[in-house]
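Novice: my_file37.pdb is the file, holding PDB, C-alpha atoms:
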```pdb
ATOM      1  CA  MET A   1     -37.442  14.891 -10.713
ATOM      2  CA  SER A   2     -34.021  14.551 -12.348
ATOM      3  CA  ASN A   3     -30.953  16.666 -11.642
ATOM      4  CA  GLY A   4     -31.290  18.311 -15.081
ATOM      5  CA  GLN A   5     -34.837  19.439 -14.290
ATOM      6  CA  ALA A   6     -33.741  20.753 -10.895
ATOM      7  CA  THR A   7     -30.975  22.775 -12.526
ATOM      8  CA  PHE A   8     -33.382  24.222 -15.072
ATOM      9  CA  ILE A   9     -35.938  25.219 -12.417
ATOM     10  CA  TRP A  10     -33.204  26.724 -10.230
ATOM     11  CA  HIS A  11     -31.942  28.732 -13.211
ATOM     12  CA  ASP A  12     -35.517  29.876 -13.960
ATOM     13  CA  TYR A  13     -35.967  31.143 -10.363
ATOM     14  CA  TYR A  14     -32.612  32.865 -10.495
ATOM     15  CA  MET A  15     -33.429  34.684 -13.750
ATOM     16  CA  LYS A  16     -36.815  35.870 -12.447
ATOM     17  CA  ILE A  17     -35.364  37.220  -9.220
ATOM     18  CA  THR A  18     -32.450  38.856 -11.101
ATOM     19  CA  LEU A  19     -34.935  40.681 -13.360
ATOM     20  CA  ILE A  20     -36.887  41.854 -10.333
ATOM     21  CA  CYS A  21     -33.710  43.039  -8.594
ATOM     22  CA  ASN A  22     -32.511  44.935 -11.650
ATOM     23  CA  ALA A  23     -35.877  46.635 -11.990
ATOM     24  CA  MET A  24     -36.055  47.614  -8.331
ATOM     25  CA  ASN A  25     -32.561  48.301  -7.068
ATOM     26  CA  THR A  26     -33.828  49.241  -3.595
ATOM     27  CA  PHE A  27     -35.142  45.713  -2.968
ATOM     28  CA  ARG A  28     -31.901  43.883  -3.803
ATOM     29  CA  LEU A  29     -31.092  42.603  -0.287
ATOM     30  CA  PRO A  30     -34.597  41.233   0.442
ATOM     31  CA  ALA A  31     -34.634  39.604  -2.981
ATOM     32  CA  LEU A  32     -31.324  37.883  -2.308
ATOM     33  CA  VAL A  33     -32.658  36.622   1.013
ATOM     34  CA  ILE A  34     -35.750  35.253  -0.717
ATOM     35  CA  LEU A  35     -33.602  33.691  -3.444
ATOM     36  CA  SER A  36     -31.435  31.992  -0.809
ATOM     37  CA  ILE A  37     -34.456  30.602   1.039
ATOM     38  CA  VAL A  38     -36.026  29.298  -2.171
ATOM     39  CA  ALA A  39     -32.735  27.744  -3.308
ATOM     40  CA  VAL A  40     -32.104  25.992   0.019
ATOM     41  CA  SER A  41     -35.640  24.626   0.284
ATOM     42  CA  TYR A  42     -35.588  23.450  -3.333
ATOM     43  CA  ALA A  43     -32.185  21.789  -2.930
ATOM     44  CA  ALA A  44     -33.422  19.971   0.182
ATOM     45  CA  SER A  45     -36.458  18.631  -1.645
ATOM     46  CA  ALA A  46     -34.379  17.613  -4.682
ATOM     47  CA  GLN A  47     -32.001  15.553  -2.518
ATOM     48  CA  THR A  48     -34.789  13.395  -1.159
ATOM     49  CA  ALA A  49     -36.091  12.443  -4.608
ATOM     50  CA  PRO A  50     -34.739   9.174  -6.069
ATOM     51  CA  LEU A  51     -32.152   9.544  -8.813
ATOM     52  CA  PHE A  52     -33.484   6.666 -10.885
ATOM     53  CA  GLU A  53     -37.025   5.474 -11.301
ATOM     54  CA  ASN A  54     -37.732   1.748 -11.253
ATOM     55  CA  GLU A  55     -34.234   0.831 -10.089
ATOM     56  CA  SER A  56     -33.271  -2.822 -10.022
ATOM     57  CA  ALA A  57     -30.054  -4.652  -9.285
ATOM     58  CA  TYR A  58     -28.699  -7.648 -11.137
ATOM     59  CA  ILE A  59     -27.984 -10.572  -8.845
ATOM     60  CA  ALA A  60     -25.785 -13.222 -10.404
ATOM     61  CA  PRO A  61     -26.830 -16.839 -10.066
ATOM     62  CA  GLU A  62     -24.821 -18.945  -7.599
ATOM     63  CA  SER A  63     -22.966 -20.663 -10.454
ATOM     64  CA  GLN A  64     -21.568 -17.337 -11.768
ATOM     65  CA  LYS A  65     -20.368 -15.982  -8.425
ATOM     66  CA  THR A  66     -16.610 -16.075  -7.966
ATOM     67  CA  LYS A  67     -15.019 -17.501  -4.880
ATOM     68  CA  VAL A  68     -12.679 -14.729  -3.732
ATOM     69  CA  ALA A  69     -11.859 -16.396  -0.423
ATOM     70  CA  SER A  70     -10.193 -19.345  -2.133
ATOM     71  CA  THR A  71      -7.741 -17.099  -4.013
ATOM     72  CA  LEU A  72      -6.546 -15.237  -0.915
ATOM     73  CA  SER A  73      -3.566 -16.619   0.949
ATOM     74  CA  PRO A  74      -3.577 -16.746   4.761
ATOM     75  CA  TYR A  75       0.217 -16.442   4.738
ATOM     76  CA  ARG A  76       2.250 -13.270   4.870
ATOM     77  CA  PHE A  77       5.190 -12.442   2.648
ATOM     78  CA  HIS A  78       8.640 -11.908   4.089
ATOM     79  CA  LYS A  79      10.968  -9.288   2.626
ATOM     80  CA  LYS A  80      14.731  -9.144   2.149
ATOM     81  CA  LEU A  81      16.569  -7.019   4.701
ATOM     82  CA  GLN A  82      18.239  -3.924   3.226
ATOM     83  CA  LYS A  83      21.986  -4.372   2.797
ATOM     84  CA  MET A  84      22.816  -1.213   4.760
ATOM     85  CA  TYR A  85      20.146  -1.554   7.464
ATOM     86  CA  SER A  86      20.915   0.109  10.799
ATOM     87  CA  GLY A  87      18.796  -0.479  13.880
ATOM     88  CA  TYR A  88      17.460  -3.165  16.162
ATOM     89  CA  ALA A  89      16.230  -6.489  14.794
ATOM     90  CA  ILE A  90      14.730  -9.411  16.647
ATOM     91  CA  GLU A  91      15.533 -12.786  15.127
ATOM     92  CA  VAL A  92      12.417 -14.929  15.469
ATOM     93  CA  ALA A  93      13.774 -17.890  13.467
ATOM     94  CA  ALA A  94      17.000 -19.131  11.904
ATOM     95  CA  SER A  95      17.417 -21.836   9.296
ATOM     96  CA  ASN A  96      20.039 -23.387   7.047
ATOM     97  CA  TYR A  97      17.568 -23.229   4.167
ATOM     98  CA  PRO A  98      14.840 -20.727   3.210
ATOM     99  CA  LEU A  99      11.624 -21.294   5.125
ATOM    100  CA  GLU A 100       8.428 -22.126   3.283
ATOM    101  CA  ARG A 101       5.804 -19.398   2.979
ATOM    102  CA  ASN A 102       3.407 -21.445   5.092
ATOM    103  CA  ASP A 103       5.824 -21.769   8.033
ATOM    104  CA  ALA A 104       4.225 -21.093  11.422
ATOM    105  CA  ILE A 105       6.537 -18.149  12.108
ATOM    106  CA  PHE A 106       4.904 -16.127   9.317
ATOM    107  CA  ARG A 107       1.446 -16.747  10.778
ATOM    108  CA  GLN A 108       2.599 -15.581  14.215
ATOM    109  CA  PHE A 109       4.487 -12.445  13.182
ATOM    110  CA  GLY A 110       3.907  -9.829  10.528
ATOM    111  CA  ASN A 111       6.434  -7.717   8.631
ATOM    112  CA  VAL A 112       9.191 -10.352   8.799
ATOM    113  CA  HIS A 113      12.444  -9.676   6.928
ATOM    114  CA  TYR A 114      15.116 -12.220   6.081
ATOM    115  CA  ASP A 115      18.872 -11.846   6.024
ATOM    116  CA  LYS A 116      21.018 -14.308   4.084
ATOM    117  CA  LEU A 117      24.008 -14.736   6.363
ATOM    118  CA  ILE A 118      27.625 -14.693   5.135
ATOM    119  CA  GLU A 119      28.408 -17.870   7.081
ATOM    120  CA  GLY A 120      25.446 -19.586   5.471
ATOM    121  CA  GLY A 121      21.824 -19.913   6.445
ATOM    122  CA  TYR A 122      18.986 -17.484   6.860
ATOM    123  CA  SER A 123      17.898 -15.256   9.708
ATOM    124  CA  TYR A 124      14.246 -14.168   9.928
ATOM    125  CA  LEU A 125      13.872 -10.828  11.656
ATOM    126  CA  ILE A 126      11.357  -8.334  12.953
ATOM    127  CA  LEU A 127      12.637  -4.773  12.682
ATOM    128  CA  ALA A 128      11.956  -2.361  15.511
ATOM    129  CA  ASN A 129      12.817   1.153  16.658
ATOM    130  CA  PHE A 130      13.984   1.364  20.257
ATOM    131  CA  ASP A 131      15.754   4.088  22.211
ATOM    132  CA  SER A 132      17.993   1.722  24.144
ATOM    133  CA  ASP A 133      19.128  -1.872  24.538
ATOM    134  CA  LYS A 134      17.091  -2.066  27.737
ATOM    135  CA  SER A 135      13.775  -1.230  26.053
ATOM    136  CA  ALA A 136      14.552  -3.614  23.174
ATOM    137  CA  LEU A 137      15.348  -6.437  25.619
ATOM    138  CA  HIS A 138      12.156  -5.757  27.558
ATOM    139  CA  PHE A 139      10.115  -6.033  24.351
ATOM    140  CA  LEU A 140      11.949  -9.234  23.402
ATOM    141  CA  GLN A 141      11.295 -10.877  26.777
ATOM    142  CA  THR A 142       7.681  -9.798  27.288
ATOM    143  CA  ILE A 143       6.212  -9.862  23.780
ATOM    144  CA  ILE A 144       8.314 -11.982  21.424
ATOM    145  CA  GLN A 145       9.830 -14.804  23.502
ATOM    146  CA  PRO A 146       6.460 -16.134  24.740
ATOM    147  CA  LYS A 147       5.663 -16.851  21.063
ATOM    148  CA  ALA A 148       9.187 -17.721  19.863
ATOM    149  CA  ASN A 149      11.388 -18.718  22.788
ATOM    150  CA  GLU A 150      14.555 -18.986  20.617
ATOM    151  CA  ALA A 151      14.274 -15.309  19.646
ATOM    152  CA  ARG A 152      17.447 -13.208  19.869
ATOM    153  CA  LEU A 153      18.143  -9.482  19.730
ATOM    154  CA  PHE A 154      20.612  -7.998  17.243
ATOM    155  CA  LEU A 155      21.844  -4.503  16.545
ATOM    156  CA  TYR A 156      22.605  -3.812  12.886
ATOM    157  CA  LYS A 157      24.896  -0.982  11.835
ATOM    158  CA  ASP A 158      25.302  -0.410   8.097
ATOM    159  CA  GLY A 159      24.402  -4.024   7.375
ATOM    160  CA  ASN A 160      26.726  -5.560   9.993
ATOM    161  CA  ARG A 161      25.028  -7.376  12.828
ATOM    162  CA  LYS A 162      26.050  -7.638  16.446
ATOM    163  CA  ILE A 163      24.230  -9.812  18.942
ATOM    164  CA  ILE A 164      22.832  -8.029  21.978
ATOM    165  CA  ARG A 165      21.276 -11.011  23.742
ATOM    166  CA  GLU A 166      20.956 -14.705  22.958
TER     167      GLU A 166
END
```
Please express what this file holds, its structure, as structure tokens.
Specialist:
Amino acid sequence: MSNGQATFIWHDYYMKITLICNAMNTFRLPALVILSIVAVSYAASAQTAPLFENESAYIAPESQKTKVASTLSPYRFHKKLQKMYSGYAIEVAASNYPLERNDAIFRQFGNVHYDKLIEGGYSYLILANFDSDKSALHFLQTIIQPKANEARLFLYKDGNRKIIRE
């Protein structure tokens, strides 16, 4: 049974019960109860019926299937640090030249930002929110340095950086 047929039958029941209720005003509440029961039972039976008869799915031959996995890159993108950034940043790598996208540091860490330094070179940073220098240093020593032992902690204020720990 299609949804259009279900709607028509539901409307037919509704019209019949409405006519009965208008004719006998004293039986309005029982009629509404009966209408509700009929509507709920009919809706439950309509939901179990298939929407389409003789459904079939098209399955593309192996030659037409696209290889999505080959177009995805396993490397993450790094973003430029905002000029007026303020907060803690952990430098996980430093280089005189921009690092390649497939550098190991980008596979180890996500959400890496880079800062082009005034004195030359590039600093690759992980940004973090900490309440104090102590909590930032603890994170650096326990989480980051086992993966990147040259990591350093900086505090940026309006784009100017100050080293907290080498």
Novice: Between atom CA of A:Leu140 and atom CA of A:Leu153, what is the distance in Å, rounded to a tenth?
Specialist: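 Atom CA of A:Leu140 sits 7.2 Å away from atom CA of A:Leu153.
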Novice: Name the residues captured by the PyMOL selection byres ((chain A and resi 90) around 6) when it is applied to the shown file; answer as number ranges by chain.
Specialist: A: 89, 91, 125-126, 152-153
Novice: Written as a list in words, which residues does the PyMOL selection byres ((chain A and resi 98) around 10) give for the file shown?
Specialist: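 So the PyMOL selection byres ((chain A and resi 98) around 10) ends up selecting Ala94, Ser95, Asn96, Tyr97, Leu99, Glu100, Arg101, Tyr114, Lys116, Gly121, Tyr122, Ser123 and Tyr124 of chain A.
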Novice: Let me make sure I understand: among A:His113, A:Lys83, A:Lys16, A:His78, which one has the smallest atom-to-atom distance to A:Asn160 if we use only C-alpha atoms?
Specialist: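 That would be A:Lys83, the residue with the smallest distance to A:Asn160.
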Novice: Just the residues within 12 Å of A:Ala128, please, counting all atoms listed in the file, with nothing from its chain fewer than 5 positions along; format it as an MDAnalysis selection string.
Specialist: chainID A and resid 85:91 111:113 133 135:137 139:140 144 153:156
Novice: When distances are computed from only C-alpha atoms, which of A:Leu117, A:Ile164, A:Val92, A:Leu127 shows the smallest separation from A:Pro146?
Specialist: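 For A:Pro146, the nearest of the candidates is A:Val92.
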Novice: Quick check, in Å to one decimal: how far apart do atom CA of A:Lys157 and atom CA of A:Lys80 lie?
Specialist: 16.2 Å
Novice: Selection in question (the file shown): the PyMOL selection byres ((chain A and resi 147) around 12). Which residues does it include, as an MDAnalysis selection string?
Specialist: chainID A and resid 92:93 104:109 140:146 148:151
Novice: For the point (24.9, -1.5, 2.6) in file coordinates, what residues are within 6 Å, counting all atoms listed in the file? Give the answer as a list of chain:residue names?
Specialist: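 The answer, in the requested form, is A:Lys83, A:Met84, A:Asp158, A:Gly159.
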Novice: Could you tell me how far atom CA of A:Lys162 sits from atom CA of A:Asp115, in Å to one decimal place?
Specialist: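 Computing the Euclidean distance for atom CA of A:Asp115 and atom CA of A:Lys162 yields 13.3 Å.
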